[in-house]
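Chemist: Here it is, the structure, as structure tokens.
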Amino acid sequence: MITAIREVRRAKGMTLDAVARACVPPTTAQTIGRLETGMRTVSVEWLNRIAAALGVEAADLVTLPDRADVAVAALLDAHGAHAPRRPTTLAPPRPAPGMVAVRVEAGIGDYRSGDEIWCAPLAASDFGQALNRDVLVPRAAGRFLFGRLIGREAGKLHLLPLGAGARQIVVADPPWLAIATRLLRAL
């Protein structure tokens with residue numbers, strides 16, 4: 001099995017020791033190094049432990065023949081574009097289970113026509129995580145509201161719709177909301 005543990009670890013800016021300490025239970029940097037280089041066989045258990053330590057899915061650590069990764073040709077920072085020091089690739093985005101999307105049909109606010117906004121549903125107990133973020137909220141009769149969550153009190157959500165001059169809308173006791181987590185935009 002060909003793994004991408006080293007590439008993902010470097011992309012996350014973590015050292016072998018940091019990954020080893022983040023594993024549950026903790027292990028040694030030497031063990032992580034051997035798993036990266038193939039000196040030690042990588043089991044599913046190890047993939048899951050390392051993936052959790054890196055904050056990714058186990059599938060992100062395996063090079064799959066049907067997944068086309070994108071080569072990083074340049075890095076862009078305040079000094080301009082420059083070549084990476086070592087070959088690097090990016091895995092294309094994959095939706096997490098249960099995600100929903102919003103397709104932008106006409107430009108509004110910060111969004112342009114053709115944008116795709118991927119949203120992760122949250123249970124009512126987790127709505128506080130979405131404050132000051134763009135969210136999708138279900139309403140009666142199959143309608144939805146998409147806007148910035150600006151407040152929450154006593155089961156009511158206060159949302160500011162997108163666009164200039166929009167007035168705050170209060171939604172009472174929605175069963176769920178979905179927080180915008182990824183914007184896909186064609187240039």
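To be explicit about the labels: the chains of the structure tokens are called A, B, and onward in the order shown, and within each one the residues are counted from 1, while ligands get numbers from 1 in the order they are shown.
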From a backbone DSSP assignment, name each residue in segment 38-172 of chain A labelled helix (DSSP H, G or I), as a PyMOL selection string.
Modeler: chain A and resi 44-54+58-61+124-130+140-142
Chemist: Once DSSP has gone over the backbone, tell me which residues of chain A are in strand (DSSP E or B), as a PyMOL selection string.
Modeler: chain A and resi 3+62+70-71+75-77+80-82+89-90+100-103+108+111+116-123+134-138+144-153+156-161+169-172+176-184
Chemist: Do a neighbour search on segment 149-151 of chain A at 6 Å with only C-alpha atoms, toss out local chain neighbours closer than 4 positions, and write the hits as an MDAnalysis selection string.
Modeler: chainID A and resid 131:133 157:159
Chemist: Might you pull out every residue within 12 Å of Leu187 of chain A, with only C-alpha atoms counted and same-chain residues fewer than 4 positions away left off, and present them as a list in words?
Modeler: Arg112, Ser113, Gly114 and Asp115 of chain A
Chemist: Restricted to all heavy atoms, what would the selected residues look like written as an mmCIF file, in the first residue's frame?
Modeler:
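Saved file again_14.cif follows:
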```cif
data_model
loop_
_atom_site.group_PDB
_atom_site.id
_atom_site.type_symbol
_atom_site.label_atom_id
_atom_site.label_comp_id
_atom_site.auth_asym_id
_atom_site.auth_seq_id
_atom_site.Cartn_x
_atom_site.Cartn_y
_atom_site.Cartn_z
ATOM 1 N N ARG A 112 -20.661 34.699 -6.060
ATOM 2 C CA ARG A 112 -20.845 34.956 -7.490
ATOM 3 C C ARG A 112 -21.696 33.856 -8.115
ATOM 4 O O ARG A 112 -21.732 32.730 -7.618
ATOM 5 C CB ARG A 112 -19.496 34.951 -8.202
ATOM 6 C CG ARG A 112 -18.518 35.948 -7.699
ATOM 7 C CD ARG A 112 -17.214 35.783 -8.465
ATOM 8 N NE ARG A 112 -16.151 36.528 -7.811
ATOM 9 C CZ ARG A 112 -14.877 36.317 -8.023
ATOM 10 N NH1 ARG A 112 -14.495 35.386 -8.875
ATOM 11 N NH2 ARG A 112 -13.971 37.031 -7.406
ATOM 12 N N SER A 113 -22.296 34.170 -9.234
ATOM 13 C CA SER A 113 -23.061 33.184 -9.987
ATOM 14 C C SER A 113 -22.148 32.004 -10.322
ATOM 15 O O SER A 113 -21.020 32.192 -10.768
ATOM 16 C CB SER A 113 -23.613 33.816 -11.260
ATOM 17 O OG SER A 113 -24.298 32.855 -12.014
ATOM 18 N N GLY A 114 -22.635 30.800 -10.083
ATOM 19 C CA GLY A 114 -21.849 29.602 -10.360
ATOM 20 C C GLY A 114 -21.112 29.054 -9.151
ATOM 21 O O GLY A 114 -20.615 27.927 -9.179
ATOM 22 N N ASP A 115 -21.026 29.825 -8.059
ATOM 23 C CA ASP A 115 -20.366 29.338 -6.846
ATOM 24 C C ASP A 115 -21.138 28.157 -6.271
ATOM 25 O O ASP A 115 -22.364 28.076 -6.392
ATOM 26 C CB ASP A 115 -20.294 30.425 -5.773
ATOM 27 C CG ASP A 115 -19.227 31.470 -6.042
ATOM 28 O OD1 ASP A 115 -18.447 31.303 -6.998
ATOM 29 O OD2 ASP A 115 -19.184 32.469 -5.284
#
```
Chemist: If we count only C-alpha atoms, what is near Ala59 of chain A at a cut-off of 10 Å, once residues fewer than 6 positions away on the same chain are taken out, given as a PyMOL selection string?
Modeler: chain A and resi 3-4+47-48+51
Chemist: Print the selection's residues with C-alpha atoms to a file, as a short mmCIF file (atom, residue, chain, number, x, y, z; two decimals), in the first residue's frame.
Modeler:
```cif
data_model
loop_
_atom_site.label_atom_id
_atom_site.label_comp_id
_atom_site.auth_asym_id
_atom_site.auth_seq_id
_atom_site.Cartn_x
_atom_site.Cartn_y
_atom_site.Cartn_z
CA THR A 3 0.73 6.04 1.69
CA ALA A 4 0.81 9.81 1.64
CA LEU A 47 -3.93 4.66 9.38
CA ASN A 48 -6.86 5.57 11.63
CA ALA A 51 -5.33 10.28 10.44
#
```
Chemist: Distance atom CA of Glu57 of chain A-atom CA of Asp77 of chain A, one decimal place?
Modeler: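 About the pair atom CA of Glu57 of chain A and atom CA of Asp77 of chain A: they are 27.5 Å apart.
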Chemist: Provide the atom CA of Ala68 of chain A to atom CA of Asp110 of chain A distance in Å, to one decimal place.
Modeler: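 Atom CA of Asp110 of chain A lies 30.0 Å from atom CA of Ala68 of chain A.
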Chemist: Quick check, in Å to one decimal: how far apart do atom CA of Leu61 of chain A and atom CA of Leu16 of chain A lie?
Modeler: 14.9 Å
Chemist: What's the 10 Å shell around Arg85 of chain A, counting only C-alpha atoms, without same-chain residues fewer than 3 positions away, as a PyMOL selection string?
Modeler: chain A and resi 74-75+82+88
Chemist: I want to know what sits within 9 Å of Pro87 of chain A, based on only C-alpha atoms, with residues of the same chain fewer than 4 positions away left out; could you give that as a PDB file with N, CA, C and O atoms, in the first residue's frame?
Modeler:
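What follows is the written file result_24.pdb:
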```
ATOM      1  N   GLU A   7       3.490  13.384   3.072  1.00  0.00           N
ATOM      2  CA  GLU A   7       3.012  14.571   2.366  1.00  0.00           C
ATOM      3  C   GLU A   7       1.948  15.306   3.166  1.00  0.00           C
ATOM      4  O   GLU A   7       1.963  16.529   3.269  1.00  0.00           O
ATOM      5  N   ALA A  71      -0.951  18.377  -8.718  1.00  0.00           N
ATOM      6  CA  ALA A  71       0.420  18.766  -8.387  1.00  0.00           C
ATOM      7  C   ALA A  71       0.469  20.252  -8.054  1.00  0.00           C
ATOM      8  O   ALA A  71      -0.141  21.076  -8.737  1.00  0.00           O
ATOM      9  N   VAL A  72       1.192  20.602  -6.998  1.00  0.00           N
ATOM     10  CA  VAL A  72       1.379  22.005  -6.630  1.00  0.00           C
ATOM     11  C   VAL A  72       2.578  22.525  -7.418  1.00  0.00           C
ATOM     12  O   VAL A  72       3.699  22.077  -7.221  1.00  0.00           O
ATOM     13  N   ALA A  73       2.325  23.452  -8.329  1.00  0.00           N
ATOM     14  CA  ALA A  73       3.382  24.007  -9.164  1.00  0.00           C
ATOM     15  C   ALA A  73       4.080  25.170  -8.484  1.00  0.00           C
ATOM     16  O   ALA A  73       5.271  25.400  -8.684  1.00  0.00           O
TER      17      ALA A  73
END
```
Chemist: With distances taken over only C-alpha atoms, which of A:Val135, A:Ala154, A:Cys23, A:Leu162 is nearest to Leu54 of chain A?
Modeler: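 Of A:Val135, A:Ala154, A:Cys23, A:Leu162, the one nearest Leu54 of chain A, counting only C-alpha atoms, is A:Cys23.
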Chemist: Pick out the closest residue to Arg182 of chain A from this set: A:Thr63, A:Ala81, A:Ala11, A:Asp134. Count only C-alpha atoms.
Modeler: A:Asp134
Chemist: Select, from A:Gly165, A:Gly55, A:Gly38, A:Pro121, the residue with the minimum atom-to-atom distance to Val19 of chain A, counting only C-alpha atoms.
Modeler: A:Gly55
Chemist: Rank nothing, just name the residue among A:Ala101, A:Val70, A:Ile117, A:Leu122 nearest to Pro175 of chain A, using only C-alpha atoms.
Modeler: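 Among A:Ala101, A:Val70, A:Ile117, A:Leu122, it is A:Leu122 that comes nearest to Pro175 of chain A.
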Chemist: Considering only C-alpha atoms, state which residue in the set A:Glu116, A:Pro161, A:Val104, A:Arg94 is at the smallest distance from Val137 of chain A.
Modeler: A:Pro161
